[in-house]
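**Student:** Dropping a structure here in structure tokens format, bear with me for questions.
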Amino acid sequence: MAEPKDAAEATVRAHAALKATLPLDDGSDFELARRGFIATIPDGRILGEGGRVCWDMSSFAFEEAEDWPPTVNPSLWRQARLNSLHGLYEVTPGVYQVRNFDLSNITFIETDQGLIVIDPLTSAECAAAAIALYRQHRGDRPVKAVIYTHSHVDHYGGVRGVLSDADIAAGMRIIAPEGFLKEAVSENVLAGNAMGRRATYMYGSILPRGPKGHVDSGLGKTVSLGSVSLVPPTESVSESGTRLTIDGVEIEFQVTPGTEAPAEMNFFFPRFGALCMAENCTCHLHNLYTPRGAQVRDAKAWSFYIDEAKALFAPRTKVLFASHHWPRWGPDAAASFLTKQRDLYKYVHDQSLRLANHGLNAVEIAEELALPPTLASEWHARDYYGTLNHNAKAVYQRYLGWFDGNPANLHKLPPVEAGRRYVEVVGGADALLAKARAAYDAGDYRWVAELVNHLVFADPANMDARNLQADALEQMGYQAESGPWRAFYLTGAMELRHPRAPMVTPRQGAAGQIRNLPADELLDSLSVRLNGTRCGAREFAFDLTFSDTGEQFGMSVENAVLHHRAGEVAAGATPVTLTRGALVQLVLRETTLDAAVEAGTVRLADAAAFATFIDLLDQFDFWFEIVAP
């Protein structure tokens, strides 16, 4: 089987040219990232049930070398080494973080009698290991409240690692920005299967770790592989200026909708002089559009809210910390950081629209845009996660959409059909490959990737095409400064070289979060599973009662569209009584309707109608193809 190759000479030259343009590295970021270190777990490994590895920092031990390998961009190598520092850190007395036990940071705020936990990571196993490390060195303080800074899964998915079922049942305070649950469901469940699959590319989760594989995600190392859940908040913060007191500790909130997440908030702890900037200001250029797929973010609003945070909090800030990376200490450092981050997003916004108004399309804008020297000289403005290139395209998309105005692009052929015709025009597969190999030898990898992609989609069984496409993507990955770009390129190369056999039973994406959805959101998620083509003119009406919660919903299908309404039942609807868990099992095909009826978790009069409805709900194959038809 084909293995990863060495860096080509063109890649080595590209790295040398980039290194000559990088900002002066005085080591100050490494000093900031190491400041306050207390301890870490001995081998950097976190295990789950049955010994399953959920997290393994020891697999990044190869990054201890300061000199970068030729298969890694030298700037990304620096960021990777910074993100390899892991363990428990004192941010300031009373404020502690565990960093690099997951993609994100978990933060502990000491209250009069216990703890506030901020952003309990992606998975329960990692969150549990983090709080255990904290308690080992700071004492066994009970959790008094949890704060979700925003609606991305790496900031709430591990909550069951810091809270017990009894805590949740007793009404533990879980505080989040207004709209959190809606946005968490929208981003991670409604599009969860597609986004989850694309996330395997973005975070390098199936790549081997090493200089020819995954080294870093820019935002952190990668996403953990433990148990993910969604526990809804008990309190929402809807207005900036809101003040809450938790076990003697006052918090001042600033809501920042439409920034790094649709529902997000920053907040300040006057007792500690500590400002939490959530994920709105971290040590890189963030994504205005995330390659895993999500709504395009509002760069103008993002900049505005950073400016507002600077005005509200910077003069009082003794330390600024965030949900990723390392803090900055002192009001001057905080103000300077906020100023540069504010102007970074505003510059991308303003200059992308300036060029759009000159008639350039998204691709043309992305090729032309460059940062001014004052921003380009900052390490925290570099392309480690988002890139100037794809963020410029995101601004264009937000204002002008996917269509560039050229009618030739209004109704393009789909990839397979276009691929066949391109191959024919070039003179067949052999002629196309000959031209592509010459381009590869010249180091023109972007053109190779574009050209050979047509042949791969026209004939996915052509291994010469797949291997050449993989070779080109691999060199592009080695050259990428962005962790996600590198991961996309290298994962694509891997899947081209090693086609995956179809799975007999599809793995279901977002299953863990579906299990924890409230009933209303669970029913909403079924609407995107209903196969409209198969449903056709069929109509259904059910009076749905959840026996475990007492909730009642009218659920109907008309015009191949699923609707549900709480407490409202249509005349003549078929009564169905079931547990929420039973519905999840039916949807995920983990049980049959006959088995659920026999087990007593489903009771109904007309089994045939409900069975037909369940059968019309699609099963999403997580491992759908990306680099081939």
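All residue names refer to the structure tokens as shown: chains lettered A, B, ... in order, residues numbered from 1 in each chain, ligands numbered from 1 in order.
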Kindly assemble as CSV a list of the stretch 515-584 of chain A residues that lie within 12 Å of stretch 159-181 of chain A, each paired with its nearest atom pair and their distance in Å to one decimal, using only C-alpha atoms, sorted first by chain and then by ascending residue number.

**Tutor:**
```
residue,atom,partner,partner_atom,distance
A:Asn516,CA,A:Arg160,CA,11.2
A:Leu517,CA,A:Leu181,CA,9.4
A:Pro518,CA,A:Leu181,CA,9.7
A:Asp520,CA,A:Leu181,CA,11.2
A:Glu521,CA,A:Leu181,CA,8.9
A:Leu522,CA,A:Leu181,CA,11.9
```

**Student:** Save out the residues we just selected, all heavy atoms, as a compact mmCIF listing (two decimals), in the first residue's frame.

**Tutor:**
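Resulting contents of result_13.txt:
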```
# COMPACT_ATOMS: atom_id res chain seq x y z
N ASN A 516 -29.16 12.84 23.85
CA ASN A 516 -29.33 13.77 24.96
C ASN A 516 -30.21 14.98 24.62
O ASN A 516 -30.34 15.88 25.43
CB ASN A 516 -27.96 14.26 25.44
CG ASN A 516 -27.15 13.14 26.07
OD1 ASN A 516 -27.37 12.76 27.20
ND2 ASN A 516 -26.22 12.58 25.30
N LEU A 517 -30.79 14.97 23.42
CA LEU A 517 -31.60 16.12 23.02
C LEU A 517 -32.92 16.15 23.79
O LEU A 517 -33.55 15.11 24.01
CB LEU A 517 -31.92 16.05 21.53
CG LEU A 517 -30.80 16.35 20.54
CD1 LEU A 517 -31.32 16.21 19.12
CD2 LEU A 517 -30.25 17.74 20.76
N PRO A 518 -33.38 17.32 24.19
CA PRO A 518 -34.75 17.44 24.68
C PRO A 518 -35.74 17.01 23.60
O PRO A 518 -35.41 17.02 22.40
CB PRO A 518 -34.88 18.94 24.99
CG PRO A 518 -33.48 19.42 25.16
CD PRO A 518 -32.65 18.59 24.24
N ASP A 520 -38.37 18.24 22.10
CA ASP A 520 -38.71 19.16 21.02
C ASP A 520 -37.60 19.18 19.96
O ASP A 520 -37.86 19.10 18.76
CB ASP A 520 -38.94 20.56 21.58
CG ASP A 520 -39.45 21.53 20.53
OD1 ASP A 520 -40.51 21.25 19.93
OD2 ASP A 520 -38.79 22.55 20.30
N GLU A 521 -36.35 19.29 20.40
CA GLU A 521 -35.23 19.31 19.47
C GLU A 521 -35.02 17.95 18.80
O GLU A 521 -34.60 17.87 17.65
CB GLU A 521 -33.95 19.75 20.18
CG GLU A 521 -33.86 21.24 20.46
CD GLU A 521 -34.77 21.70 21.58
OE1 GLU A 521 -35.22 20.85 22.39
OE2 GLU A 521 -35.02 22.92 21.66
N LEU A 522 -35.32 16.88 19.53
CA LEU A 522 -35.22 15.54 18.93
C LEU A 522 -36.18 15.41 17.76
O LEU A 522 -35.81 14.94 16.67
CB LEU A 522 -35.51 14.48 19.99
CG LEU A 522 -35.63 13.03 19.49
CD1 LEU A 522 -34.33 12.58 18.82
CD2 LEU A 522 -35.98 12.10 20.64
```

**Student:** Please provide as number ranges by chain all residues within 6 Å of A:Phe457, with the sequence filter that same-chain residues fewer than 2 positions apart are discarded (counting only C-alpha atoms).

**Tutor:** A: 416, 419, 454-455, 459-460, 628-629

**Student:** Print the selection's residues with N, CA, C and O atoms to a file, as an mmCIF file, in the first residue's frame.

**Tutor:**
```cif
data_model
loop_
_atom_site.group_PDB
_atom_site.id
_atom_site.type_symbol
_atom_site.label_atom_id
_atom_site.label_comp_id
_atom_site.auth_asym_id
_atom_site.auth_seq_id
_atom_site.Cartn_x
_atom_site.Cartn_y
_atom_site.Cartn_z
ATOM 1 N N VAL A 416 -19.117 14.573 -11.411
ATOM 2 C CA VAL A 416 -18.881 13.366 -12.196
ATOM 3 C C VAL A 416 -19.065 13.645 -13.685
ATOM 4 O O VAL A 416 -18.230 13.276 -14.523
ATOM 5 N N GLY A 419 -16.351 15.925 -14.900
ATOM 6 C CA GLY A 419 -15.095 15.195 -14.968
ATOM 7 C C GLY A 419 -14.977 14.381 -16.246
ATOM 8 O O GLY A 419 -13.928 14.386 -16.917
ATOM 9 N N HIS A 454 -10.683 15.945 -11.881
ATOM 10 C CA HIS A 454 -11.664 15.606 -12.917
ATOM 11 C C HIS A 454 -11.578 14.126 -13.287
ATOM 12 O O HIS A 454 -12.602 13.455 -13.459
ATOM 13 N N LEU A 455 -10.379 13.601 -13.391
ATOM 14 C CA LEU A 455 -10.222 12.190 -13.749
ATOM 15 C C LEU A 455 -10.669 11.282 -12.609
ATOM 16 O O LEU A 455 -11.294 10.241 -12.849
ATOM 17 N N ASP A 459 -13.462 8.605 -13.172
ATOM 18 C CA ASP A 459 -13.113 7.188 -13.050
ATOM 19 C C ASP A 459 -12.435 6.950 -11.700
ATOM 20 O O ASP A 459 -11.210 6.889 -11.595
ATOM 21 N N PRO A 460 -13.214 6.815 -10.640
ATOM 22 C CA PRO A 460 -12.623 6.681 -9.298
ATOM 23 C C PRO A 460 -11.807 5.412 -9.108
ATOM 24 O O PRO A 460 -11.054 5.308 -8.144
ATOM 25 N N ALA A 628 -13.835 11.440 -3.730
ATOM 26 C CA ALA A 628 -14.273 10.635 -4.866
ATOM 27 C C ALA A 628 -15.796 10.684 -4.893
ATOM 28 O O ALA A 628 -16.424 11.103 -3.919
ATOM 29 N N PRO A 629 -16.411 10.257 -6.019
ATOM 30 C CA PRO A 629 -17.885 10.279 -6.070
ATOM 31 C C PRO A 629 -18.508 9.453 -4.957
ATOM 32 O O PRO A 629 -17.963 8.408 -4.579
#
```

**Student:** So that I can see what lies close to stretch 545-560 of chain A, please list as an NGL selection string the residues with an atom at most 10 Å from it, counting only C-alpha atoms and leaving out residues fewer than 6 positions away in the same chain.

**Tutor:** :A and (518-520 or 523 or 527 or 530-539 or 566-571 or 573-583 or 601-603 or 613)

**Student:** Can you write just those residues out, N, CA, C and O atoms, as a compact mmCIF listing (two decimals), in the first residue's frame?

**Tutor:**
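The file below, selection26.txt, is the result:
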```txt
# COMPACT_ATOMS: atom_id res chain seq x y z
N PRO A 518 -33.38 17.32 24.19
CA PRO A 518 -34.75 17.44 24.68
C PRO A 518 -35.74 17.01 23.60
O PRO A 518 -35.41 17.02 22.40
N ALA A 519 -36.95 16.65 23.99
CA ALA A 519 -37.91 16.06 23.07
C ALA A 519 -38.20 16.96 21.87
O ALA A 519 -38.26 16.49 20.73
N ASP A 520 -38.37 18.24 22.10
CA ASP A 520 -38.71 19.16 21.02
C ASP A 520 -37.60 19.18 19.96
O ASP A 520 -37.86 19.10 18.76
N LEU A 523 -37.42 15.83 17.95
CA LEU A 523 -38.40 15.75 16.86
C LEU A 523 -38.01 16.66 15.70
O LEU A 523 -38.19 16.31 14.53
N SER A 527 -36.86 15.91 11.03
CA SER A 527 -37.34 16.51 9.78
C SER A 527 -36.30 16.44 8.69
O SER A 527 -36.64 16.35 7.50
N LEU A 530 -36.29 12.77 7.07
CA LEU A 530 -37.42 12.30 6.29
C LEU A 530 -37.06 12.32 4.81
O LEU A 530 -36.72 13.38 4.26
N ASN A 531 -37.13 11.18 4.16
CA ASN A 531 -36.80 11.06 2.74
C ASN A 531 -38.01 11.52 1.93
O ASN A 531 -38.97 10.77 1.73
N GLY A 532 -37.94 12.76 1.45
CA GLY A 532 -39.08 13.34 0.74
C GLY A 532 -39.41 12.61 -0.54
O GLY A 532 -40.59 12.49 -0.90
N THR A 533 -38.41 12.10 -1.23
CA THR A 533 -38.65 11.39 -2.48
C THR A 533 -39.44 10.11 -2.23
O THR A 533 -40.42 9.82 -2.93
N ARG A 534 -39.04 9.35 -1.22
CA ARG A 534 -39.75 8.11 -0.90
C ARG A 534 -41.11 8.38 -0.26
O ARG A 534 -42.05 7.61 -0.45
N CYS A 535 -41.18 9.45 0.48
CA CYS A 535 -42.44 9.77 1.16
C CYS A 535 -43.53 10.12 0.15
O CYS A 535 -44.67 9.65 0.25
N GLY A 536 -43.16 10.94 -0.84
CA GLY A 536 -44.11 11.29 -1.88
C GLY A 536 -45.36 11.92 -1.34
O GLY A 536 -45.32 12.90 -0.58
N ALA A 537 -46.52 11.35 -1.68
CA ALA A 537 -47.81 11.93 -1.29
C ALA A 537 -48.34 11.34 0.01
O ALA A 537 -49.45 11.69 0.43
N ARG A 538 -47.59 10.46 0.66
CA ARG A 538 -48.08 9.88 1.92
C ARG A 538 -48.30 10.96 2.97
O ARG A 538 -47.54 11.91 3.06
N GLU A 539 -49.32 10.76 3.81
CA GLU A 539 -49.59 11.67 4.93
C GLU A 539 -49.71 10.86 6.21
O GLU A 539 -50.21 9.74 6.21
N ALA A 566 -45.93 21.25 20.11
CA ALA A 566 -46.09 20.84 21.50
C ALA A 566 -47.52 21.06 21.95
O ALA A 566 -48.12 22.13 21.73
N GLY A 567 -48.11 20.02 22.58
CA GLY A 567 -49.43 20.13 23.19
C GLY A 567 -50.57 20.26 22.22
O GLY A 567 -51.70 20.55 22.62
N GLU A 568 -50.34 20.04 20.95
CA GLU A 568 -51.38 20.21 19.93
C GLU A 568 -51.55 18.90 19.18
O GLU A 568 -50.59 18.35 18.64
N VAL A 569 -52.77 18.40 19.11
CA VAL A 569 -53.03 17.11 18.49
C VAL A 569 -54.04 17.29 17.36
O VAL A 569 -55.06 17.97 17.54
N ALA A 570 -53.74 16.73 16.21
CA ALA A 570 -54.64 16.82 15.06
C ALA A 570 -55.79 15.82 15.22
O ALA A 570 -55.62 14.74 15.80
N ALA A 571 -56.95 16.17 14.70
CA ALA A 571 -58.10 15.28 14.74
C ALA A 571 -57.79 14.00 13.97
O ALA A 571 -57.22 14.05 12.88
N ALA A 573 -55.61 11.76 14.74
CA ALA A 573 -54.21 11.34 14.83
C ALA A 573 -54.10 9.99 15.54
O ALA A 573 -54.88 9.69 16.46
N THR A 574 -53.14 9.22 15.15
CA THR A 574 -52.88 7.92 15.77
C THR A 574 -52.11 8.11 17.08
O THR A 574 -51.02 8.69 17.07
N PRO A 575 -52.65 7.63 18.20
CA PRO A 575 -51.91 7.77 19.47
C PRO A 575 -50.66 6.88 19.49
O PRO A 575 -50.72 5.71 19.10
N VAL A 576 -49.56 7.44 19.94
CA VAL A 576 -48.31 6.70 20.12
C VAL A 576 -47.71 7.14 21.45
O VAL A 576 -47.48 8.33 21.68
N THR A 577 -47.47 6.19 22.34
CA THR A 577 -46.84 6.48 23.62
C THR A 577 -45.50 5.74 23.66
O THR A 577 -45.45 4.53 23.41
N LEU A 578 -44.45 6.47 23.97
CA LEU A 578 -43.12 5.86 23.97
C LEU A 578 -42.16 6.69 24.80
O LEU A 578 -42.47 7.84 25.12
N THR A 579 -41.04 6.11 25.15
CA THR A 579 -40.00 6.88 25.83
C THR A 579 -39.16 7.62 24.78
O THR A 579 -39.09 7.20 23.62
N ARG A 580 -38.53 8.67 25.22
CA ARG A 580 -37.65 9.41 24.31
C ARG A 580 -36.50 8.52 23.84
O ARG A 580 -36.11 8.53 22.68
N GLY A 581 -35.97 7.72 24.77
CA GLY A 581 -34.90 6.81 24.41
C GLY A 581 -35.32 5.78 23.38
O GLY A 581 -34.53 5.41 22.49
N ALA A 582 -36.56 5.31 23.48
CA ALA A 582 -37.05 4.34 22.49
C ALA A 582 -37.12 4.97 21.10
O ALA A 582 -36.78 4.32 20.10
N LEU A 583 -37.54 6.23 21.03
CA LEU A 583 -37.60 6.90 19.73
C LEU A 583 -36.19 7.03 19.14
O LEU A 583 -35.99 6.80 17.95
N THR A 601 -41.59 -0.25 25.80
CA THR A 601 -41.15 1.15 25.68
C THR A 601 -41.95 1.91 24.63
O THR A 601 -41.85 3.13 24.53
N VAL A 602 -42.74 1.17 23.83
CA VAL A 602 -43.64 1.79 22.84
C VAL A 602 -45.00 1.13 22.95
O VAL A 602 -45.12 -0.10 23.01
N ARG A 603 -46.05 1.97 22.99
CA ARG A 603 -47.43 1.48 22.97
C ARG A 603 -48.18 2.25 21.89
O ARG A 603 -48.13 3.49 21.85
N PHE A 613 -43.64 5.22 8.82
CA PHE A 613 -43.01 6.52 9.05
C PHE A 613 -41.54 6.35 9.45
O PHE A 613 -40.65 7.02 8.90
```

**Student:** Go through A:Asp56, A:Glu187, A:Asp404, A:Glu495 and flag the residue nearest A:Ala261, using only C-alpha atoms for the distances.

**Tutor:** A:Glu187

**Student:** Could you pull out the helix (DSSP H, G or I) residues of stretch 37-114 of chain A from DSSP and send them as a PyMOL selection string?

**Tutor:** chain A and resi 49-51+57-64+74-82

**Student:** Could you tell me how far atom CA of A:Ala7 lies from atom CA of A:Asp430, in Å and to one decimal?

**Tutor:**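 Atom-to-atom, atom CA of A:Ala7 and atom CA of A:Asp430 are spaced 25.7 Å apart.
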
**Student:** As a PyMOL selection string, list the residues of stretch 316-459 of chain A assigned to strand (DSSP E or B) by DSSP on the backbone atoms of this structure.

**Tutor:** chain A and resi 319-321+328-329

**Student:** Applying 12 Å and only C-alpha atoms, which residues near stretch 46-52 of chain A remain after dropping the ones on its own chain fewer than 4 positions away? List them as a ChimeraX atom specification.

**Tutor:** /A:40-42,56-58,100-102,123-130,132-133,161,224-227

**Student:** Which residues are near A:Asp383? Cut-off 7 Å, only C-alpha atoms, ignore same chain within fewer than 4 positions. Put them as a list in words.

**Tutor:**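 My reading of the contact set: His284, Leu285, Thr387, Leu388, Glu481 and Ser482 of chain A.
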
**Student:** Take the residues just selected and output them with N, CA, C and O atoms as a compact mmCIF listing (two decimals), in the first residue's frame.

**Tutor:**
```txt
# COMPACT_ATOMS: atom_id res chain seq x y z
N HIS A 284 -4.36 33.21 17.04
CA HIS A 284 -4.29 32.98 15.60
C HIS A 284 -5.41 33.76 14.93
O HIS A 284 -6.27 34.35 15.60
N LEU A 285 -5.41 33.76 13.61
CA LEU A 285 -6.57 34.20 12.85
C LEU A 285 -7.58 33.06 12.87
O LEU A 285 -7.29 31.95 12.45
N THR A 387 -7.73 31.02 7.60
CA THR A 387 -6.70 31.59 6.74
C THR A 387 -7.25 32.86 6.11
O THR A 387 -8.46 33.00 5.91
N LEU A 388 -6.35 33.76 5.78
CA LEU A 388 -6.75 34.97 5.07
C LEU A 388 -7.46 34.60 3.78
O LEU A 388 -8.44 35.24 3.38
N GLU A 481 0.37 26.32 6.27
CA GLU A 481 0.56 26.90 7.60
C GLU A 481 -0.64 26.61 8.49
O GLU A 481 -0.52 26.54 9.71
N SER A 482 -1.79 26.48 7.90
CA SER A 482 -3.02 26.20 8.64
C SER A 482 -3.10 24.72 9.00
O SER A 482 -2.98 23.85 8.13
```

**Student:** Extract, using only C-alpha atoms, all DNA, RNA and protein residues at most 7 Å from A:Lys300, discarding same-chain residues fewer than 2 positions from it, and format them as a ChimeraX atom specification.

**Tutor:** /A:298,302-304,346,349

**Student:** Just the selected residues (N, CA and C atoms), exported as a PDB file, in the first residue's frame, please.

**Tutor:**
```
ATOM      1  N   ASP A 298     -19.872  36.680  11.068  1.00  0.00           N
ATOM      2  CA  ASP A 298     -19.955  38.109  10.753  1.00  0.00           C
ATOM      3  C   ASP A 298     -18.688  38.807  11.238  1.00  0.00           C
ATOM      4  N   TRP A 302     -17.952  40.716  14.786  1.00  0.00           N
ATOM      5  CA  TRP A 302     -16.860  40.152  15.580  1.00  0.00           C
ATOM      6  C   TRP A 302     -15.926  41.271  16.019  1.00  0.00           C
ATOM      7  N   SER A 303     -15.519  42.098  15.078  1.00  0.00           N
ATOM      8  CA  SER A 303     -14.632  43.222  15.388  1.00  0.00           C
ATOM      9  C   SER A 303     -15.293  44.193  16.365  1.00  0.00           C
ATOM     10  N   PHE A 304     -16.571  44.475  16.147  1.00  0.00           N
ATOM     11  CA  PHE A 304     -17.291  45.405  17.025  1.00  0.00           C
ATOM     12  C   PHE A 304     -17.293  44.912  18.467  1.00  0.00           C
ATOM     13  N   LYS A 346     -11.711  43.179  11.191  1.00  0.00           N
ATOM     14  CA  LYS A 346     -12.272  44.320  10.453  1.00  0.00           C
ATOM     15  C   LYS A 346     -11.526  44.509   9.139  1.00  0.00           C
ATOM     16  N   HIS A 349     -12.740  41.973   6.644  1.00  0.00           N
ATOM     17  CA  HIS A 349     -14.084  42.370   6.219  1.00  0.00           C
ATOM     18  C   HIS A 349     -14.034  43.530   5.236  1.00  0.00           C
TER      19      HIS A 349
END
```

**Student:** Could you check the closest approach to A:Leu616 for each of A:Tyr440, A:Phe62, A:Phe540, A:Phe108 and tell me which residue wins, using only C-alpha atoms?

**Tutor:**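 Of A:Tyr440, A:Phe62, A:Phe540, A:Phe108, the one nearest A:Leu616, counting only C-alpha atoms, is A:Phe540.
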
**Student:** Rank nothing, just name the residue among A:Leu451, A:Asn266, A:Pro142, A:Trp326 nearest to A:Thr242, using only C-alpha atoms.

**Tutor:**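 So, comparing all the options, the nearest one is A:Asn266.
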
**Student:** Nearest to A:Ser238: which of A:Pro484, A:Gly220, A:Pro257, A:Pro331 is it, counting only C-alpha atoms?

**Tutor:**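 Once distances to A:Ser238 are computed over only C-alpha atoms, the minimum belongs to A:Pro257.
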
**Student:** Please, what distance in Å, to one decimal, runs between atom CA of A:Val426 and atom CA of A:Val452?

**Tutor:**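 Atom CA of A:Val452 lies at a distance of 11.2 Å from atom CA of A:Val426.
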
**Student:** Need the shell around A:Ala65: protein/DNA/RNA residues with any atom at most 12 Å away, counting only C-alpha atoms. Skip same-chain ones fewer than 2 positions apart. Format as a PyMOL selection string?

**Tutor:** chain A and resi 60-63+67-69+74+77-78+80-82+84+211

**Student:** Closest to A:Lys5 among A:Lys393, A:Lys412, A:Lys212, A:Arg316, using only C-alpha atoms?

**Tutor:** A:Lys212

**Student:** Name the closest residue to A:Val185 among the candidates A:Arg292, A:His380, A:His152, A:Arg198; distances are taken between atoms, counting only C-alpha atoms.

**Tutor:**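 Among the listed residues, A:His152 lies closest to A:Val185.
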